[in-house]
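Remarks on the structure that follows.
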Number of protein chains: 4
Amino acid sequence: MNTAEQYKDSLRARKIELWIDGVRVDEPLAHPKVAPAVEAVAATYALAHDPAHHGIATAFSDLTSRPVNRFVHLFRSTDDLVKKVLLQRELGRITGTCFQRCVGMDALNALFIATFEAGDVPHARFVRWLREVQQHDEMVCGAMTDAKGDRRKRPAEQPESFVRIVERRPDGVVIRGVKLHQTGAANAHQILVMPGQALRTGEEAFAIACAVPVDAPGVVMILGRQPSDDRKGTPDAGNVRYSGQQVVVAFDDVFVPSANVFLDGHLAAVSAMLDAFTGYHRASYGGCKPGNLDALIGAVAEVARLNGVERTPAVREKMIEMVHLTETIHGLGLAASHKSTRHAAGLWRVDALLANVCTQTVSRLPYEVVRLAEDLAGGLVSTMPSLADAAHPRLGPILANVMGSPERGRMLRLVEWFTSGAGSVPLRIECMHGAGSPMAQRIVIDRHADWAGKVRVARRLAGLPEV
Amino acid sequence: MNTAEQYKDSLRARKIELWIDGVRVDEPLAHPKVAPAVEAVAATYALAHDPAHHGIATAFSDLTSRPVNRFVHLFRSTDDLVKKVLLQRELGRITGTCFQRCVGMDALNALFIATFEAGDVPHARFVRWLREVQQHDEMVCGAMTDAKGDRRKRPAEQPESFVRIVERRPDGVVIRGVKLHQTGAANAHQILVMPGQALRTGEEAFAIACAVPVDAPGVVMILGRQPSDDRKGTPDAGNVRYSGQQVVVAFDDVFVPSANVFLDGHLAAVSAMLDAFTGYHRASYGGCKPGNLDALIGAVAEVARLNGVERTPAVREKMIEMVHLTETIHGLGLAASHKSTRHAAGLWRVDALLANVCTQTVSRLPYEVVRLAEDLAGGLVSTMPSLADAAHPRLGPILANVMGSPERGRMLRLVEWFTSGAGSVPLRIECMHGAGSPMAQRIVIDRHADWAGKVRVARRLAGLPEV
Amino acid sequence: MNTAEQYKDSLRARKIELWIDGVRVDEPLAHPKVAPAVEAVAATYALAHDPAHHGIATAFSDLTSRPVNRFVHLFRSTDDLVKKVLLQRELGRITGTCFQRCVGMDALNALFIATFEAGDVPHARFVRWLREVQQHDEMVCGAMTDAKGDRRKRPAEQPESFVRIVERRPDGVVIRGVKLHQTGAANAHQILVMPGQALRTGEEAFAIACAVPVDAPGVVMILGRQPSDDRKGTPDAGNVRYSGQQVVVAFDDVFVPSANVFLDGHLAAVSAMLDAFTGYHRASYGGCKPGNLDALIGAVAEVARLNGVERTPAVREKMIEMVHLTETIHGLGLAASHKSTRHAAGLWRVDALLANVCTQTVSRLPYEVVRLAEDLAGGLVSTMPSLADAAHPRLGPILANVMGSPERGRMLRLVEWFTSGAGSVPLRIECMHGAGSPMAQRIVIDRHADWAGKVRVARRLAGLPEV
Amino acid sequence: MNTAEQYKDSLRARKIELWIDGVRVDEPLAHPKVAPAVEAVAATYALAHDPAHHGIATAFSDLTSRPVNRFVHLFRSTDDLVKKVLLQRELGRITGTCFQRCVGMDALNALFIATFEAGDVPHARFVRWLREVQQHDEMVCGAMTDAKGDRRKRPAEQPESFVRIVERRPDGVVIRGVKLHQTGAANAHQILVMPGQALRTGEEAFAIACAVPVDAPGVVMILGRQPSDDRKGTPDAGNVRYSGQQVVVAFDDVFVPSANVFLDGHLAAVSAMLDAFTGYHRASYGGCKPGNLDALIGAVAEVARLNGVERTPAVREKMIEMVHLTETIHGLGLAASHKSTRHAAGLWRVDALLANVCTQTVSRLPYEVVRLAEDLAGGLVSTMPSLADAAHPRLGPILANVMGSPERGRMLRLVEWFTSGAGSVPLRIECMHGAGSPMAQRIVIDRHADWAGKVRVARRLAGLPEV
């Protein structure tokens with residue numbers, strides 16, 4: 001298992017094409033808009049070497065017969081699913097943001113199941129690839145979301161809006177298209193390309209799942225902007241060390257050798273992959289988001305203490321409410337994991353109903369936590385001058401009076417980072433869309449709601465015959 | 001394990017003093033306001049003999065070395081806690097109401113722990129008593145809530161508002177006072193009297209936990225009214241077979257032999273009992289209430305079908321929302337149970353934080369389900385004439401037109417029963433107060449919130465030193 | 001203007017066919033299920049003679065050139081609309097329930113507009129009829145809601161589910177069908193029959209608006225049940241004097257003379273009537289419901305005082321919240337009335353957008369007030385034995401202890417009456433459906449939202465050209 | 001009345017000391033972080049010359065006997081209060097942000113009342129000053145919020161946290177201290193200094209209200225940061241023209257001549273000023289915030305159209321909900337204004353209860369609108385690369401695919417601006433704190449709730465005697 005430093009060194013060895021604000025960046029790790037995101041991933045490597053978290057951060061792999069970082073591990077038991085959520089909460093607390101490895105972890109488990117259903121050859125290919133990922137402890141970016149264009153049209157009607165195979169060669173395929181919202185792509189080693197939606201007969205060209213090195217020829221990355229991203233690396237950063245990352249990844253006729261092609265036109269397996277992935281990933285949010293919220297709540301609690309209102313009943317009520325909402329999410333993530341069932345491929349799957357109920361709460365409750373945080377933190381959160389001014393001989397004394405204490409200023413910046421800065425991306429936009437839209441989740445809830453069973457008990461209570 | 005019929009026969013053998021609407025009732029099982037509540041308890045006996053539910057409805061007792069009904073079983077493992085919640089959900093569906101045995105079950109487990117902490121003699125007494133309860137498969141009513149009077153005063157300032165020891169005899173004690181909200185008391189065999197709040201030095205007389213047969217001399221029961229309780233046994237009943245029950249139980253100088261006195265002035269053990277009981281009982285609501293809500297949702301789904309609007313998007317959205325809210329509660333009940341820890345007495349305790357988060361949702365979400373149900377069911381729910389009128393030659397044809405079909409009328413009555421009839425007691429008042437008030441739950445959440453840990457991660461993210 | 005006593009006397013002069021629980025009732029005013037509803041209407045007559053409320057309860061009629069009870073008055077100005085809402089709030093407080101005259105008042109104003117649009121003859125007929133209503137100060141029941149049957153079908157596909165003309169005679173028409181949810185019908189003098197939905201060409205037979213005396217041959221009334229309606233007239237009544245009323249009214253081939261036929265196949269006028277009526281009635285709820293909620297909040301405040309927790313911060317917070325929610329509704333009712341516009345018929349119409357926003361809040365906020373009320377009032381609300389027992393020599397002393405004081409018991413019964421008794425009909429079911437379903441309101445909001453204007457300002461801010 | 005250009009010219013004539021990010025800025029109007037805020041104020045001048053809005057944007061002053069811009073007008077009638085709200089909504093739409101003149105307008109009306117209560121001399125001074133403000137059509141910044149320090153301490157215990165008189169001279173006073181959150185201070189001509197809280201005997205030095213030119217010696221301004229403020233003036237600006245502004249204003253021993261001192265130790269008048277100001281300003285939010293929300297809703301509606309999902313029922317539902325929430329706020333702002341009462345000073349005051357109910361909704365509902373906006377707009381809102389990249393030959397084609405159309409990219413940036421950019425300050429932080437904290441509002445609601453009246457009606461309904 002790599003250390004944080006080994007991970008960073010391995011990143012430097014890549015030759016990626018990364019663009020930031022219209023400029024191609026040769027040394028991403030040195031760029032203030034990339035460095036904090038790399039640090040967040042590095043925390044996932046560091047934790048695996050922290051004895052206090054050994055139980056949740058590592059696992060024993062039956063592929064390599066050695067301990068591996070849990071982020072490249074298969075969900076071989078209910079315990080694996082539960083520990084995943086606990087690990088995510090811990091890293092959500094440590095980094096305060098998205099640590100970018102969950103999509104990859106959930107995706108490789110989903111593909112394990114999907115390739116199993118696709119047949120022996122795909123499965124064997126995938127297992128071999130995964131073994132190497134485990135051996136090199138690589139960071140894998142899961143690439144699902146296509147541009148999609150007009151939502152009323154199918155992929156075949158607007159192929160340019162989807163990643164698809166544009167050429168077949170004896171030794172592999174050539175893919176073209178763009179994936180959006182690629183979490184951590186610029187900090188990864190490999191991209192696991194997968195379809196983002198169920199496909200029908202005639203749409204086989206879009207049914208492609210494969211692994212692509214981030215620096216494969218034709219892979220172009222454009223860094224997404226985040227709120228207040230220009231503050232990164234400055235005194236007003238808020239979260240002084242960590243950040244998340246979203247990248248637009250274009251596949252500009254990228255060649256993928258056959259060994260790295262896992263699904264190719266397997267329509268049913270695509271659906272199996274989607275079912276498994278969405279279940280896994282929606283339960284994941286029951287881990288990381290409560291961790292992020294813990295940090296926000298802590299910041300607000302500290303501001304309340306510095307304001308001297310920590311024990312005021314109305315303040316206390318709101319602080320308790322923030323905890324209540326946070327634990328609601330976490331409890332549902334745990335419940336979905338505990339209530340797991342075994343798939344024939346030998347992996348355990350979370351409960352689909354509870355996982356989707358979990359993300360429904362993720363699409364709502366953090367917004368209320370943010371609202372309460374802004375209530376308790378006070379107006380200065382978004383009207384405070386730059387912390388850089390505090391060192392200025394003319395302005396320092398004035399601001400000392402405004403901020404009360406330097407630590408209060410720092411804490412307010414952290415609250416702002418979470419509520420309307422770069423930290424609001426993991427805490428709001430990702431909560432809303434990162435695991436599929438709320439509407440998509442509700443369709444799954446509808447499907448698993450057992451309406452017939454509910455009607456049956458109602459009719460019996462009303463004294464009506466069964467239908 | 002008794003059958004439903006054996007249970008009912010055993011009730012007939014009692015000689016209880018029960019008053020209903022100012023009249024003493026000699027044959028409670030024949031009274032229309034008692035019979036449906038007995039039926040709900042009987043369902044807990046019947047389920048233990050249903051092979052399909054054997055796994056959740058029964059358990060193996062290490063006290064009797066035989067299978068017992070889970071309602072008299074000890075929580076010897078995490079699995080026991082989880083199965084309890086699953087059992088509660090199933091019975092919540094079957095009866096659509098409160099089946100009245102959970103307080104007793106949770107109370108006997110809490111007293112097992114409390115007597116363990118109180119010492120060998122109390123514990124041995126309690127275990128002996130419990131073994132007999134298991135052997136006779138008795139229904140135990142847990143009696144906690146005192147009248148309380150002025151909430152600003154302590155028990156010693158208003159002793160008449162609390163059950164307390166008023167006389168000590170060589171062979172036992174005499175207790176006096178009133179317990180409110182006694183779920184299922186008129187359908188039970190024994191009352192497990194316990195203090196309803198933490199007590200201080202000088203309040204030892206109130207620190208009494210003991211078992212009292214329901215027909216012990218001096219035990220007086222007065223049946224609580226429920227909304228629309230006069231409809232029980234009529235065509236407008238709504239839930240045609242089952243109902244819950246709340247009783248005021250007065251202890252009018254009741255003698256309790258020493259063998260049945262489990263706590264007597266053990267102040268610390270009282271707190272241990274309260275901690276254990278509230279945790280257990282708040283997780284219980286994650287089982288029964290979702291079961292009740294399932295039945296309400298089923299009724300609404302059926303009304304929507306009969307109205308022909310089942311697939312209308314706006315209707316569908318609300319139906320999904322009702323399921324989402326219901327599963328939120330259930331998931332948290334499961335999570336609190338899964339995340340259990342072992343107590344030295346050999347029982348497993350639920351996670352206090354999650355159990356209280358669970359009941360906070362219970363004090364809110366069912367109200368929204370009710371609101372959505374009333375939205376979808378339509379105005380006729382509370383403006384429909386009596387179903388008895390449907391058989392009248394003059395009115396039948398008119399009402400046929402109004403109700404559309406007889407089954408729609410029945411279904412609407414069931415919805416009304418849940419939302420503003422006798423079924424609203426378990427679904428609203430009990431949800432709000434049955435496991436302690438929301439305010440009490442929030443105090444526990446505050447206590448378990450790990451504020452220091454949250455502040456620590458926030459300060460680290462802001463680049464501040466530890467405090 | 002009639003006094004309350006004159007009103008009651010006039011009711012006794014009718015010969016209505018009223019059925020209650022399968023029995024024909026000859027003296028409705030003496031029936032415990034009718035008397036409280038009559039009292040609520042009587043309060044509207046009494047208030048007109050109360051000098052303190054003269055300004056809101058009466059108005060000067062330009063039809064009779066004399067003061068009239070506002071409930072039969074036309075909305076001749078913005079001031080009339082605002083005073084209507086203030087009157088409704090006051091009566092909502094006085095009665096704690098539905099006083100049953102608003103549908104008639106809003107309907108006669110809507111028909112004034114609709115007949116104006118239908119032509120001179122319909123309008124002249126209507127004005128003549130209205131003048132007499134004013135002169136005799138009659139109570140008019142507005143009858144709109146048909147049985148509707150399968151919501152996917154039009155009236156012509158299921159005529160039996162709608163009131164329609166079944167025969168034309170030289171001197172009038174014969175109507176047949178059933179109207180549901182007829183507020184106060186058994187306490188009225190005349191029924192103003194109107195279509196309940198927009199109609200299309202070919203559906204002219206359903207486009208009938210006319211006035212029918214409540215005791216016209218063929219008019220059959222069946223009283224709707226309400227939660228806990230058997231308690232009316234007993235010590236457990238809750239609201240000891242007042243109640244609402246909903247009646248199923250069947251028109252069993254009722255002849256209507258031409259002079260009383262106001263719309264007959266006027267499809268466009270039907271739409272105008274519906275637009276006007278829904279606007280008026282949705283703003284009305286901004287008056288009566290806050291008045292009802294005032295009484296509930298007062299009951300809870302009194303229980304809190306009797307419990308000694310009136311100043312506890314968490315209790316205070318919830319009490320303030322109940323007021324906030326109540327005033328939100330009222331403020332919107334006022335706003336919709338203030339922002340009125342003049343119709344060519346000489347009446348003022350409320351703002352449709354705000355009136356529908358008002359009722360949307362009515363379909364939600366009272367539910368939250370009820371939830372908070374049940375939180376603050378405590379569990380005894382629905383577990384307390386009958387108040388009749390308090391007088392029993394055996395039970396009195398026990399219950400004295402339980403209730404603390406007789407007035408606390410009475411107050412809890414009043415809370416129960418509002419939350420799950422007969423008072424829950426006006427406070428929940430009517431709030432949800434009494435002014436049309438929430439879905440219907442949202443369609444109006446959509447229609448009046450000025451989307452184009454919003455898009456225009458957004459595009460301008462983003463620097464995009466107009467579309 | 002000045003035009004927008006005359007206003008800007010007048011700003012250039014000032015010699016203010018303004019610091020931005022540690023640098024003193026000599027030409028504020030040219031600075032990208034100031035220019036958009038000046039534009040927003042300029043819109044208030046421009047509108048007064050727009051014939052289409054003449055009725056709401058201007059008024060006739062009885063001080064100058066000429067038309068004036070409504071922002072320097074006195075509330076001489078209910079109509080003035082209502083038109084203020086309508087003007088605010090229109091400008092909220094035009095600018096999409098805070099146009100910075102409301103605090104001044106509400107403050108000068110509040111001081112008119114307060115000086116009236118303070119006596120003839122203060123009032124005459126104030127009226128004279130106001131007349132000049134009207135004649136020169138100046139922008140006035142109202143300065144209330146002090147640093148406050150430890151919320152448990154009174155001003156006298158920590159004078160440095162409050163603006164106070166530090167020296168008295170024959171011809172005036174010298175003030176010292178800092179005011180936070182000064183909306184538009186860098187764009188104003190004069191600062192109207194006022195106490196931010198009620199004061200007690202012994203705190204007279206803090207009871208100072210006076211007018212100070214923005215470029216008076218000793219006035220130091222430090223620009224507050226806003227989320228993503230570095231994007232202003234770039235293609236990613238979002239709102240391409242307008243922005244709000246908050247400034248820290250230090251009074252570093254500023255001399256104020258007696259003619260400009262309006263309150264000096266008048267404790268009762270300070271309370272009168274606070275009462276009037278909070279009422280006025282809390283109703284103001286019922287104007288501007290709905291206007292801002294209109295623009296956000298329009299942006300989302302446009303994105304939905306560009307995505308082709310505009311008519312999808314679930315999308316439609318959320319769009320309607322956003323409108324419902326927005327109009328709820330506006331309706332309450334209107335209601336508070338309509339229900340106004342006359343003060344002896346000759347001004348009309350809004351209804352305190354409704355004004356505070358209005359701002360309570362402002363502290364909640366916009367958060368839900370933002371949540372729905374983020375739901376409907378999709379994840380790209382906060383993961384999209386810079387719009388500058390779209391012009392890059394290498395990246396343009398890729399991003400064309402991602403954004404669908406250039407206008408979609410611009411619209412998404414506008415949504416982001418509102419939800420987590422500089423536009424989130426007026427839409428969230430100001431909504432929460434700009435008119436006083438929610439807690440402060442609730443205290444006023446409590447005070448005006450008429451508890452006794454509510455208890456009286458409840459007791460009467462329950463058949464209890466009056467207390």
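How things are named: the first chain in the structure tokens is A, the next is B, and so on; residues count from 1 in each chain; ligands count from 1 in the order shown.
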**OP:** Using only C-alpha atoms, find which residues of chain C lie within 7 Å of chain B and jot them down as a PyMOL selection string.
**Re:** chain C and resi 21-22+147+149-152+161+181+222-228+230+246+250+307-309+367+371+374-375+378-379+382-386+388-389+392+398+401-402+404+420-421+425+429+432-433
Kindly export the residues of the current selection with N, CA and C atoms, as a CSV table (one decimal), in the first residue's frame.
```csv
chain,number,residue,atom,x,y,z
C,21,ASP,N,-77.3,9.0,10.3
C,21,ASP,CA,-77.0,7.7,10.7
C,21,ASP,C,-78.2,6.8,10.4
C,22,GLY,N,-78.8,6.9,9.3
C,22,GLY,CA,-79.8,6.0,8.8
C,22,GLY,C,-81.2,6.4,9.4
C,147,ALA,N,-70.0,14.2,-7.4
C,147,ALA,CA,-69.4,13.0,-7.0
C,147,ALA,C,-68.1,12.6,-7.9
C,149,GLY,N,-66.9,10.5,-9.7
C,149,GLY,CA,-66.6,9.1,-10.2
C,149,GLY,C,-65.2,8.9,-10.6
C,150,ASP,N,-65.0,8.4,-11.8
C,150,ASP,CA,-63.6,8.1,-12.3
C,150,ASP,C,-63.1,9.5,-12.8
C,151,ARG,N,-62.0,9.9,-12.2
C,151,ARG,CA,-61.4,11.2,-12.5
C,151,ARG,C,-60.9,11.3,-14.0
C,152,ARG,N,-60.8,10.2,-14.7
C,152,ARG,CA,-60.3,10.3,-16.0
C,152,ARG,C,-61.4,10.5,-17.0
C,161,SER,N,-72.7,10.9,-12.3
C,161,SER,CA,-71.8,11.4,-11.2
C,161,SER,C,-71.8,12.9,-11.1
C,181,HIS,N,-69.9,17.2,0.2
C,181,HIS,CA,-69.2,18.2,1.0
C,181,HIS,C,-70.1,19.5,1.2
C,222,ILE,N,-78.2,14.0,3.6
C,222,ILE,CA,-77.6,13.0,4.5
C,222,ILE,C,-76.4,13.6,5.2
C,223,LEU,N,-76.5,13.6,6.5
C,223,LEU,CA,-75.4,14.3,7.2
C,223,LEU,C,-74.1,13.5,7.1
C,224,GLY,N,-73.0,14.2,6.9
C,224,GLY,CA,-71.7,13.5,6.9
C,224,GLY,C,-71.2,13.3,8.3
C,225,ARG,N,-70.5,12.2,8.5
C,225,ARG,CA,-69.9,11.9,9.8
C,225,ARG,C,-68.7,12.8,10.0
C,226,GLN,N,-68.4,13.0,11.2
C,226,GLN,CA,-67.1,13.7,11.6
C,226,GLN,C,-66.4,12.9,12.6
C,227,PRO,N,-65.1,13.0,12.8
C,227,PRO,CA,-64.4,12.3,13.8
C,227,PRO,C,-65.0,12.6,15.2
C,228,SER,N,-65.2,11.6,16.0
C,228,SER,CA,-65.8,11.8,17.3
C,228,SER,C,-67.1,12.5,17.4
C,230,ASP,N,-69.9,11.4,17.8
C,230,ASP,CA,-70.8,10.9,18.9
C,230,ASP,C,-70.6,11.6,20.2
C,246,GLN,N,-71.0,19.1,7.2
C,246,GLN,CA,-70.9,18.7,5.8
C,246,GLN,C,-72.1,17.8,5.5
C,250,ALA,N,-78.7,15.3,-2.2
C,250,ALA,CA,-79.2,14.7,-3.5
C,250,ALA,C,-80.3,15.5,-4.1
C,307,ASN,N,-49.3,23.6,32.9
C,307,ASN,CA,-48.2,22.7,33.2
C,307,ASN,C,-47.0,23.4,33.8
C,308,GLY,N,-47.0,24.7,33.8
C,308,GLY,CA,-45.9,25.4,34.4
C,308,GLY,C,-44.7,25.5,33.5
C,309,VAL,N,-44.9,25.3,32.2
C,309,VAL,CA,-43.7,25.4,31.3
C,309,VAL,C,-43.8,26.5,30.3
C,367,TYR,N,-51.1,21.9,9.3
C,367,TYR,CA,-50.7,20.6,9.7
C,367,TYR,C,-49.5,20.7,10.7
C,371,ARG,N,-49.2,19.7,14.6
C,371,ARG,CA,-48.0,18.8,15.1
C,371,ARG,C,-47.4,19.5,16.3
C,374,GLU,N,-49.7,19.2,19.3
C,374,GLU,CA,-49.7,17.9,19.9
C,374,GLU,C,-48.4,17.7,20.7
C,375,ASP,N,-47.3,18.3,20.2
C,375,ASP,CA,-46.1,18.2,20.9
C,375,ASP,C,-46.2,18.9,22.3
C,378,GLY,N,-49.0,17.4,25.0
C,378,GLY,CA,-48.6,16.2,25.8
C,378,GLY,C,-49.5,15.0,25.4
C,379,GLY,N,-49.1,13.9,25.8
C,379,GLY,CA,-49.7,12.6,25.4
C,379,GLY,C,-51.2,12.5,25.9
C,382,SER,N,-54.8,12.3,23.9
C,382,SER,CA,-55.6,11.2,23.3
C,382,SER,C,-55.6,10.0,24.2
C,383,THR,N,-55.2,10.1,25.4
C,383,THR,CA,-55.3,8.9,26.3
C,383,THR,C,-56.1,9.2,27.6
C,384,MET,N,-56.7,10.3,27.6
C,384,MET,CA,-57.4,10.7,28.9
C,384,MET,C,-58.8,10.1,28.9
C,385,PRO,N,-59.2,9.5,30.0
C,385,PRO,CA,-60.6,8.9,30.1
C,385,PRO,C,-61.6,10.0,30.0
C,386,SER,N,-62.8,9.6,29.9
C,386,SER,CA,-63.9,10.5,29.7
C,386,SER,C,-64.0,11.5,30.9
C,388,ALA,N,-66.6,12.7,31.9
C,388,ALA,CA,-67.8,12.3,32.7
C,388,ALA,C,-67.4,11.5,33.9
C,389,ASP,N,-66.3,10.8,33.8
C,389,ASP,CA,-65.8,10.0,34.9
C,389,ASP,C,-65.4,10.9,36.1
C,392,HIS,N,-67.6,10.9,39.0
C,392,HIS,CA,-67.9,9.6,39.6
C,392,HIS,C,-67.2,9.5,41.0
C,398,ILE,N,-59.1,9.9,41.5
C,398,ILE,CA,-58.0,9.4,40.7
C,398,ILE,C,-57.8,10.4,39.5
C,401,ASN,N,-56.1,13.7,40.1
C,401,ASN,CA,-54.6,13.6,40.1
C,401,ASN,C,-54.1,13.6,38.7
C,402,VAL,N,-54.8,13.0,37.8
C,402,VAL,CA,-54.3,12.8,36.4
C,402,VAL,C,-54.4,14.1,35.7
C,404,GLY,N,-54.8,17.2,37.0
C,404,GLY,CA,-54.3,18.3,37.6
C,404,GLY,C,-55.3,19.3,38.0
C,420,SER,N,-57.8,15.9,16.4
C,420,SER,CA,-58.3,14.7,15.8
C,420,SER,C,-59.8,14.5,16.1
C,421,GLY,N,-60.5,15.5,16.5
C,421,GLY,CA,-62.0,15.4,16.7
C,421,GLY,C,-62.7,16.1,15.6
C,425,VAL,N,-61.9,18.5,11.1
C,425,VAL,CA,-62.4,18.6,9.7
C,425,VAL,C,-62.2,20.0,9.2
C,429,ILE,N,-58.9,18.6,6.9
C,429,ILE,CA,-59.5,18.2,5.6
C,429,ILE,C,-60.0,19.4,4.8
C,432,MET,N,-57.2,21.2,3.4
C,432,MET,CA,-56.6,20.6,2.2
C,432,MET,C,-57.4,20.6,1.0
C,433,HIS,N,-58.7,20.4,1.2
C,433,HIS,CA,-59.6,20.2,0.0
C,433,HIS,C,-60.7,21.3,-0.1
```
**OP:** Please provide as a list in words all residues within 12 Å of Ala13 in chain B, with the sequence filter that same-chain residues fewer than 2 positions apart are discarded (counting only C-alpha atoms).
**Re:** Gln6, Tyr7, Lys8, Asp9, Ser10, Leu11, Lys15, Ile16, Asp26, Glu27, Pro28, Leu29, Asn187, Ala188, His189, Val214 and Asp215 of chain B
Subject >> Which of range 209-451 of chain B fall in alpha helix (DSSP H), as a PyMOL selection string >> reply: chain B and resi 267-307+313-338+352-362+365-377+396-403+406-420+424+430-433+438-447+451
**OP:** Just give me the gap between CA of Met105 in chain A and CA of His281 in chain A in Å, one decimal is fine.
**Re:**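 Between these atoms lies a distance of 9.1 Å.
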**OP:** Compile the contact shell of range 344-361 of chain A as a list in words: residues with an atom at most 6 Å away, counting only C-alpha atoms, same-chain residues fewer than 4 positions apart removed.
**Re:** Phe75, Arg76, Ser77, Ile113, Gly279, Arg282, Ala283, Ile329, Leu332, Gly333, Ala336, Ser337, Lys339, Ser340, Leu365, Gln441, Ile445 and His448 of chain A; His324 of chain B
Dump as a compact mmCIF listing (two decimals), in the first residue's frame, selection limited to C-alpha atoms:
```
# COMPACT_ATOMS: atom_id res chain seq x y z
CA PHE A 75 -17.18 -5.78 -1.07
CA ARG A 76 -16.87 -9.39 0.00
CA SER A 77 -19.16 -9.11 3.02
CA ILE A 113 -20.64 -7.84 -10.89
CA GLY A 279 -26.81 1.35 -4.91
CA ARG A 282 -25.91 6.25 -2.92
CA ALA A 283 -24.99 4.47 0.29
CA ILE A 329 -28.06 10.59 6.68
CA LEU A 332 -29.44 5.44 6.54
CA GLY A 333 -26.07 4.82 4.92
CA ALA A 336 -28.48 0.26 3.61
CA SER A 337 -25.11 -1.41 4.14
CA LYS A 339 -29.25 -4.86 5.08
CA SER A 340 -27.09 -6.22 2.26
CA LEU A 365 -30.88 17.74 4.71
CA GLN A 441 -33.58 7.99 -6.96
CA ILE A 445 -37.83 3.89 -4.53
CA HIS A 448 -38.85 -1.26 -4.58
CA HIS B 324 -39.46 7.64 1.45
```
**OP:** Could you find all residues in range 186-333 of chain B that DSSP calls strand (DSSP E or B) from the backbone, and write them as a count of residues only?
**Re:** 31
**OP:** Mind checking which residues fall within 7 Å of Thr95 in chain A, counting only C-alpha atoms, ignoring those fewer than 2 positions away in the same chain, and posting them as a ChimeraX atom specification?
**Re:** /A:40,91-93,97,242
Original post:
Which residue gives the smallest distance to Leu111 in chain B among B:Thr44, B:Gly291, B:Gly55, B:Ala124, with only C-alpha atoms counted?
Top reply: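 Among the listed residues, B:Ala124 lies closest to Leu111 in chain B.
Each of C:Val38, C:Ala272, C:Leu87, C:Val254 was compared to Ala52 in chain C using only C-alpha atoms, and C:Leu87 turns out to be the nearest.
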